[in-house]
Amino acid sequence: MSIDLAVIKKLGGDHLDLSFWEGARRGELLLHRCGICGKHYWPASRCVEHGGTDMAWVPASGRGTVHTYTIMHHAYAPRMAPHVPYCVAVLKLEEGPFFHTNIVDCPMEGIHVGLEVAVRFEEDEVSGLTLPVFAPVA
Ligand SMILES: [Zn+2]
């Protein structure tokens, strides 16, 4: 089943993000890498170091550390009610970019800055997209 670009646009993305979501569906976390300097981004249509547009989606390690996080104790969207409490985190990926995600399969009190995490993928029933989420490294 192909990914509907309209769904991505509704979430604030564009056609450049399509490969990312196709990768997630395959179980791959993709980052944009500059073909000139090799710096990784998520997402980016051009390198911010020198403006180059020679960008390509490449597989990432899928590992990172918690840079900052918050525990949500209220379901601000009704569909999140079954998940409360849940963790929204900003990770620093091994390749360098920051990445917003959820921390899963972990007691909320076990989450801390510097926690090492690895990607896994969950299907989102509402959007139909496969979401990269992260869990502590065992
Ligand atoms: Zn570059």
# chains A, B, ... in the order shown; residues from 1 in each chain; ligands from 1
call {"tool": "residues_near_ligand", "arguments": {"ligand": "ligand 1", "cutoff": "12 Å", "atoms": "only C-alpha atoms and all ligand atoms", "output": "list in words"}}
result
His32, Arg33, Cys34, Gly35, Ile36, Cys37, Gly38, Lys39, His40, Tyr41, Ala44, Ser45, Arg46, Cys47, Val48, Glu49, His50, Gly51, Gly52, Thr53, Asp54, Met55 and Ala56 of chain A
call {"tool": "write_last_selection", "arguments": {"atoms": "N, CA and C atoms", "output": "PDB file, in the first residue's frame"}}
result
ATOM      1  N   HIS A  32      18.388  12.745   6.041  1.00  0.00           N
ATOM      2  CA  HIS A  32      18.937  13.410   4.864  1.00  0.00           C
ATOM      3  C   HIS A  32      20.426  13.643   5.096  1.00  0.00           C
ATOM      4  N   ARG A  33      21.253  13.250   4.130  1.00  0.00           N
ATOM      5  CA  ARG A  33      22.696  13.466   4.239  1.00  0.00           C
ATOM      6  C   ARG A  33      23.170  14.309   3.059  1.00  0.00           C
ATOM      7  N   CYS A  34      23.986  15.284   3.383  1.00  0.00           N
ATOM      8  CA  CYS A  34      24.554  16.154   2.348  1.00  0.00           C
ATOM      9  C   CYS A  34      25.615  15.377   1.573  1.00  0.00           C
ATOM     10  N   GLY A  35      25.510  15.404   0.249  1.00  0.00           N
ATOM     11  CA  GLY A  35      26.458  14.701  -0.608  1.00  0.00           C
ATOM     12  C   GLY A  35      27.813  15.384  -0.695  1.00  0.00           C
ATOM     13  N   ILE A  36      27.906  16.602  -0.179  1.00  0.00           N
ATOM     14  CA  ILE A  36      29.174  17.340  -0.245  1.00  0.00           C
ATOM     15  C   ILE A  36      29.958  17.209   1.063  1.00  0.00           C
ATOM     16  N   CYS A  37      29.303  17.528   2.193  1.00  0.00           N
ATOM     17  CA  CYS A  37      30.041  17.507   3.464  1.00  0.00           C
ATOM     18  C   CYS A  37      29.678  16.299   4.342  1.00  0.00           C
ATOM     19  N   GLY A  38      28.618  15.568   3.989  1.00  0.00           N
ATOM     20  CA  GLY A  38      28.270  14.373   4.731  1.00  0.00           C
ATOM     21  C   GLY A  38      27.482  14.606   6.001  1.00  0.00           C
ATOM     22  N   LYS A  39      27.107  15.867   6.291  1.00  0.00           N
ATOM     23  CA  LYS A  39      26.340  16.152   7.499  1.00  0.00           C
ATOM     24  C   LYS A  39      24.923  15.610   7.337  1.00  0.00           C
ATOM     25  N   HIS A  40      24.388  15.058   8.447  1.00  0.00           N
ATOM     26  CA  HIS A  40      23.040  14.497   8.439  1.00  0.00           C
ATOM     27  C   HIS A  40      22.037  15.512   8.963  1.00  0.00           C
ATOM     28  N   TYR A  41      20.830  15.459   8.410  1.00  0.00           N
ATOM     29  CA  TYR A  41      19.737  16.324   8.829  1.00  0.00           C
ATOM     30  C   TYR A  41      18.449  15.535   8.890  1.00  0.00           C
ATOM     31  N   ALA A  44      15.664  18.047   5.786  1.00  0.00           N
ATOM     32  CA  ALA A  44      16.256  19.245   5.189  1.00  0.00           C
ATOM     33  C   ALA A  44      16.302  19.069   3.686  1.00  0.00           C
ATOM     34  N   SER A  45      16.003  20.100   2.967  1.00  0.00           N
ATOM     35  CA  SER A  45      16.062  20.034   1.515  1.00  0.00           C
ATOM     36  C   SER A  45      17.404  20.535   1.005  1.00  0.00           C
ATOM     37  N   ARG A  46      18.169  21.215   1.902  1.00  0.00           N
ATOM     38  CA  ARG A  46      19.499  21.672   1.526  1.00  0.00           C
ATOM     39  C   ARG A  46      20.376  21.707   2.779  1.00  0.00           C
ATOM     40  N   CYS A  47      21.669  21.620   2.565  1.00  0.00           N
ATOM     41  CA  CYS A  47      22.615  21.641   3.678  1.00  0.00           C
ATOM     42  C   CYS A  47      22.702  23.060   4.239  1.00  0.00           C
ATOM     43  N   VAL A  48      22.560  23.214   5.540  1.00  0.00           N
ATOM     44  CA  VAL A  48      22.613  24.560   6.121  1.00  0.00           C
ATOM     45  C   VAL A  48      24.047  25.052   6.251  1.00  0.00           C
ATOM     46  N   GLU A  49      25.024  24.148   6.070  1.00  0.00           N
ATOM     47  CA  GLU A  49      26.424  24.560   6.154  1.00  0.00           C
ATOM     48  C   GLU A  49      26.840  25.391   4.949  1.00  0.00           C
ATOM     49  N   HIS A  50      26.364  25.002   3.756  1.00  0.00           N
ATOM     50  CA  HIS A  50      26.795  25.704   2.550  1.00  0.00           C
ATOM     51  C   HIS A  50      25.702  25.828   1.498  1.00  0.00           C
ATOM     52  N   GLY A  51      24.470  25.466   1.845  1.00  0.00           N
ATOM     53  CA  GLY A  51      23.354  25.658   0.927  1.00  0.00           C
ATOM     54  C   GLY A  51      23.254  24.642  -0.181  1.00  0.00           C
ATOM     55  N   GLY A  52      24.098  23.625  -0.150  1.00  0.00           N
ATOM     56  CA  GLY A  52      24.079  22.612  -1.200  1.00  0.00           C
ATOM     57  C   GLY A  52      22.753  21.862  -1.211  1.00  0.00           C
ATOM     58  N   THR A  53      22.289  21.497  -2.396  1.00  0.00           N
ATOM     59  CA  THR A  53      21.033  20.757  -2.526  1.00  0.00           C
ATOM     60  C   THR A  53      21.282  19.300  -2.895  1.00  0.00           C
ATOM     61  N   ASP A  54      22.529  18.846  -2.818  1.00  0.00           N
ATOM     62  CA  ASP A  54      22.878  17.462  -3.132  1.00  0.00           C
ATOM     63  C   ASP A  54      22.575  16.594  -1.913  1.00  0.00           C
ATOM     64  N   MET A  55      21.274  16.468  -1.593  1.00  0.00           N
ATOM     65  CA  MET A  55      20.855  15.737  -0.399  1.00  0.00           C
ATOM     66  C   MET A  55      20.272  14.389  -0.805  1.00  0.00           C
ATOM     67  N   ALA A  56      20.513  13.373   0.021  1.00  0.00           N
ATOM     68  CA  ALA A  56      19.965  12.046  -0.252  1.00  0.00           C
ATOM     69  C   ALA A  56      19.498  11.423   1.052  1.00  0.00           C
TER      70      ALA A  56
END
call {"tool": "closest_atom_pairs", "arguments": {"of": "stretch 38-69 of chain A", "to": "stretch 115-135 of chain A", "cutoff": "8 Å", "atoms": "only C-alpha atoms", "output": "tab-separated table"}}
result
residue	atom	partner	partner_atom	distance
A:Gly62	CA	A:Val119	CA	5.0
A:Arg63	CA	A:Ala118	CA	4.4
A:Gly64	CA	A:Val117	CA	5.5
A:Thr65	CA	A:Glu116	CA	4.5
A:Val66	CA	A:Leu115	CA	5.3
call {"tool": "select_by_dssp", "arguments": {"residues": "stretch 6-128 of chain A", "states": "helix (DSSP H, G or I)", "output": "ChimeraX atom specification"}}
result
/A:6-10,15-26,78-83,108-110
call {"tool": "atom_distance", "arguments": {"atom1": "atom CA of A:Pro85", "atom2": "atom CA of A:Glu28"}}
result
27.0 Å
call {"tool": "closest_residue", "arguments": {"among": "A:Val137, A:Ala75, A:Leu11, A:Leu29", "to": "A:Val104", "atoms": "only C-alpha atoms"}}
result
A:Val137
call {"tool": "residues_around", "arguments": {"residues": "A:Phe99", "least_positions_apart": "3", "cutoff": "10 Å", "atoms": "only C-alpha atoms", "output": "PyMOL selection string"}}
result
chain A and resi 41-43+64+66-67+89-93+96+102
call {"tool": "select_by_dssp", "arguments": {"residues": "stretch 14-133 of chain A", "states": "strand (DSSP E or B)", "output": "ChimeraX atom specification"}}
result
/A:30-34,40-41,55-59,63-72,86-93,98-103,116-123,130-133
call {"tool": "closest_residue", "arguments": {"among": "A:Glu94, A:Gly13, A:Tyr86, A:Met80", "to": "A:Ser61", "atoms": "only C-alpha atoms"}}
result
A:Glu94
call {"tool": "closest_residue", "arguments": {"among": "A:Ala6, A:Trp57, A:Cys87, A:Glu95", "to": "A:Ser19", "atoms": "only C-alpha atoms"}}
result
A:Trp57
call {"tool": "residues_around", "arguments": {"residues": "A:Val88", "least_positions_apart": "6", "cutoff": "6 Å", "atoms": "only C-alpha atoms", "output": "PyMOL selection string"}}
result
chain A and resi 69-70+101-102
call {"tool": "decode", "arguments": {"residues": "stretch 11-125 of chain A", "atoms": "C-alpha atoms", "output": "mmCIF file, in the first residue's frame"}}
result
data_model
loop_
_atom_site.group_PDB
_atom_site.id
_atom_site.type_symbol
_atom_site.label_atom_id
_atom_site.label_comp_id
_atom_site.auth_asym_id
_atom_site.auth_seq_id
_atom_site.Cartn_x
_atom_site.Cartn_y
_atom_site.Cartn_z
ATOM 1 C CA LEU A 11 0.684 16.706 9.048
ATOM 2 C CA GLY A 12 2.739 19.640 7.763
ATOM 3 C CA GLY A 13 5.099 17.689 5.523
ATOM 4 C CA ASP A 14 5.614 17.734 1.785
ATOM 5 C CA HIS A 15 6.748 15.529 -1.116
ATOM 6 C CA LEU A 16 10.343 15.623 0.189
ATOM 7 C CA ASP A 17 9.182 13.671 3.245
ATOM 8 C CA LEU A 18 7.602 10.828 1.277
ATOM 9 C CA SER A 19 10.793 8.726 1.194
ATOM 10 C CA PHE A 20 11.154 9.114 4.960
ATOM 11 C CA TRP A 21 7.681 7.671 5.562
ATOM 12 C CA GLU A 22 8.237 4.894 3.012
ATOM 13 C CA GLY A 23 11.439 4.001 4.881
ATOM 14 C CA ALA A 24 9.592 3.915 8.202
ATOM 15 C CA ARG A 25 7.065 1.530 6.674
ATOM 16 C CA ARG A 26 9.990 -0.757 5.710
ATOM 17 C CA GLY A 27 11.411 -0.495 9.241
ATOM 18 C CA GLU A 28 14.217 1.912 8.299
ATOM 19 C CA LEU A 29 14.928 5.253 9.949
ATOM 20 C CA LEU A 30 16.168 7.584 7.205
ATOM 21 C CA LEU A 31 18.035 10.865 7.503
ATOM 22 C CA HIS A 32 18.937 13.410 4.864
ATOM 23 C CA ARG A 33 22.696 13.466 4.239
ATOM 24 C CA CYS A 34 24.554 16.154 2.348
ATOM 25 C CA GLY A 35 26.458 14.701 -0.608
ATOM 26 C CA ILE A 36 29.174 17.340 -0.245
ATOM 27 C CA CYS A 37 30.041 17.507 3.464
ATOM 28 C CA GLY A 38 28.270 14.373 4.731
ATOM 29 C CA LYS A 39 26.340 16.152 7.499
ATOM 30 C CA HIS A 40 23.040 14.497 8.439
ATOM 31 C CA TYR A 41 19.737 16.324 8.829
ATOM 32 C CA TRP A 42 16.147 15.543 9.582
ATOM 33 C CA PRO A 43 14.527 16.809 7.508
ATOM 34 C CA ALA A 44 16.256 19.245 5.189
ATOM 35 C CA SER A 45 16.062 20.034 1.515
ATOM 36 C CA ARG A 46 19.499 21.672 1.526
ATOM 37 C CA CYS A 47 22.615 21.641 3.678
ATOM 38 C CA VAL A 48 22.613 24.560 6.121
ATOM 39 C CA GLU A 49 26.424 24.560 6.154
ATOM 40 C CA HIS A 50 26.795 25.704 2.550
ATOM 41 C CA GLY A 51 23.354 25.658 0.927
ATOM 42 C CA GLY A 52 24.079 22.612 -1.200
ATOM 43 C CA THR A 53 21.033 20.757 -2.526
ATOM 44 C CA ASP A 54 22.878 17.462 -3.132
ATOM 45 C CA MET A 55 20.855 15.737 -0.399
ATOM 46 C CA ALA A 56 19.965 12.046 -0.252
ATOM 47 C CA TRP A 57 17.959 9.907 2.159
ATOM 48 C CA VAL A 58 20.250 7.363 3.823
ATOM 49 C CA PRO A 59 19.614 4.756 6.545
ATOM 50 C CA ALA A 60 20.479 5.907 10.066
ATOM 51 C CA SER A 61 21.775 3.769 12.915
ATOM 52 C CA GLY A 62 18.455 4.141 14.706
ATOM 53 C CA ARG A 63 20.233 4.963 17.941
ATOM 54 C CA GLY A 64 20.446 8.101 20.018
ATOM 55 C CA THR A 65 20.183 9.605 23.483
ATOM 56 C CA VAL A 66 17.428 11.566 25.201
ATOM 57 C CA HIS A 67 18.312 15.281 24.966
ATOM 58 C CA THR A 68 15.161 16.519 26.721
ATOM 59 C CA TYR A 69 11.664 15.184 27.365
ATOM 60 C CA THR A 70 8.309 15.758 29.001
ATOM 61 C CA ILE A 71 5.800 13.349 30.474
ATOM 62 C CA MET A 72 2.239 13.995 29.313
ATOM 63 C CA HIS A 73 -0.335 13.297 32.049
ATOM 64 C CA HIS A 74 -3.306 14.721 30.147
ATOM 65 C CA ALA A 75 -4.734 13.605 26.797
ATOM 66 C CA TYR A 76 -4.791 16.897 24.893
ATOM 67 C CA ALA A 77 -6.057 14.911 21.885
ATOM 68 C CA PRO A 78 -8.831 12.399 22.703
ATOM 69 C CA ARG A 79 -7.063 9.662 20.741
ATOM 70 C CA MET A 80 -4.130 9.848 23.171
ATOM 71 C CA ALA A 81 -6.295 8.948 26.208
ATOM 72 C CA PRO A 82 -5.323 5.240 26.182
ATOM 73 C CA HIS A 83 -1.629 6.209 26.173
ATOM 74 C CA VAL A 84 -1.542 8.586 29.186
ATOM 75 C CA PRO A 85 0.965 8.994 30.702
ATOM 76 C CA TYR A 86 3.286 9.073 27.705
ATOM 77 C CA CYS A 87 6.645 10.632 26.940
ATOM 78 C CA VAL A 88 7.419 13.172 24.231
ATOM 79 C CA ALA A 89 11.173 13.459 23.791
ATOM 80 C CA VAL A 90 13.806 15.232 21.745
ATOM 81 C CA LEU A 91 16.649 12.864 20.959
ATOM 82 C CA LYS A 92 20.141 13.561 19.744
ATOM 83 C CA LEU A 93 20.615 10.884 17.096
ATOM 84 C CA GLU A 94 24.041 9.234 16.691
ATOM 85 C CA GLU A 95 24.419 10.989 13.331
ATOM 86 C CA GLY A 96 23.847 14.390 14.960
ATOM 87 C CA PRO A 97 20.325 15.666 14.238
ATOM 88 C CA PHE A 98 17.728 16.252 16.920
ATOM 89 C CA PHE A 99 14.592 14.151 16.482
ATOM 90 C CA HIS A 100 11.162 14.483 18.130
ATOM 91 C CA THR A 101 9.585 11.182 19.104
ATOM 92 C CA ASN A 102 7.898 9.143 21.836
ATOM 93 C CA ILE A 103 9.745 6.943 24.328
ATOM 94 C CA VAL A 104 7.951 3.593 24.661
ATOM 95 C CA ASP A 105 8.289 0.312 26.544
ATOM 96 C CA CYS A 106 9.787 2.055 29.543
ATOM 97 C CA PRO A 107 8.410 3.107 32.930
ATOM 98 C CA MET A 108 8.063 6.902 32.876
ATOM 99 C CA GLU A 109 10.307 7.163 35.953
ATOM 100 C CA GLY A 110 13.039 5.354 34.020
ATOM 101 C CA ILE A 111 13.353 8.128 31.441
ATOM 102 C CA HIS A 112 16.162 10.651 31.908
ATOM 103 C CA VAL A 113 18.422 12.964 29.927
ATOM 104 C CA GLY A 114 21.199 10.884 28.410
ATOM 105 C CA LEU A 115 19.162 7.660 28.282
ATOM 106 C CA GLU A 116 20.359 5.547 25.347
ATOM 107 C CA VAL A 117 17.518 4.545 23.050
ATOM 108 C CA ALA A 118 16.957 2.650 19.825
ATOM 109 C CA VAL A 119 14.256 2.958 17.205
ATOM 110 C CA ARG A 120 11.286 0.706 16.706
ATOM 111 C CA PHE A 121 8.230 1.260 14.579
ATOM 112 C CA GLU A 122 4.539 1.464 15.421
ATOM 113 C CA GLU A 123 1.535 1.680 13.129
ATOM 114 C CA ASP A 124 -0.635 4.756 13.690
ATOM 115 C CA GLU A 125 -4.284 3.824 13.120
#
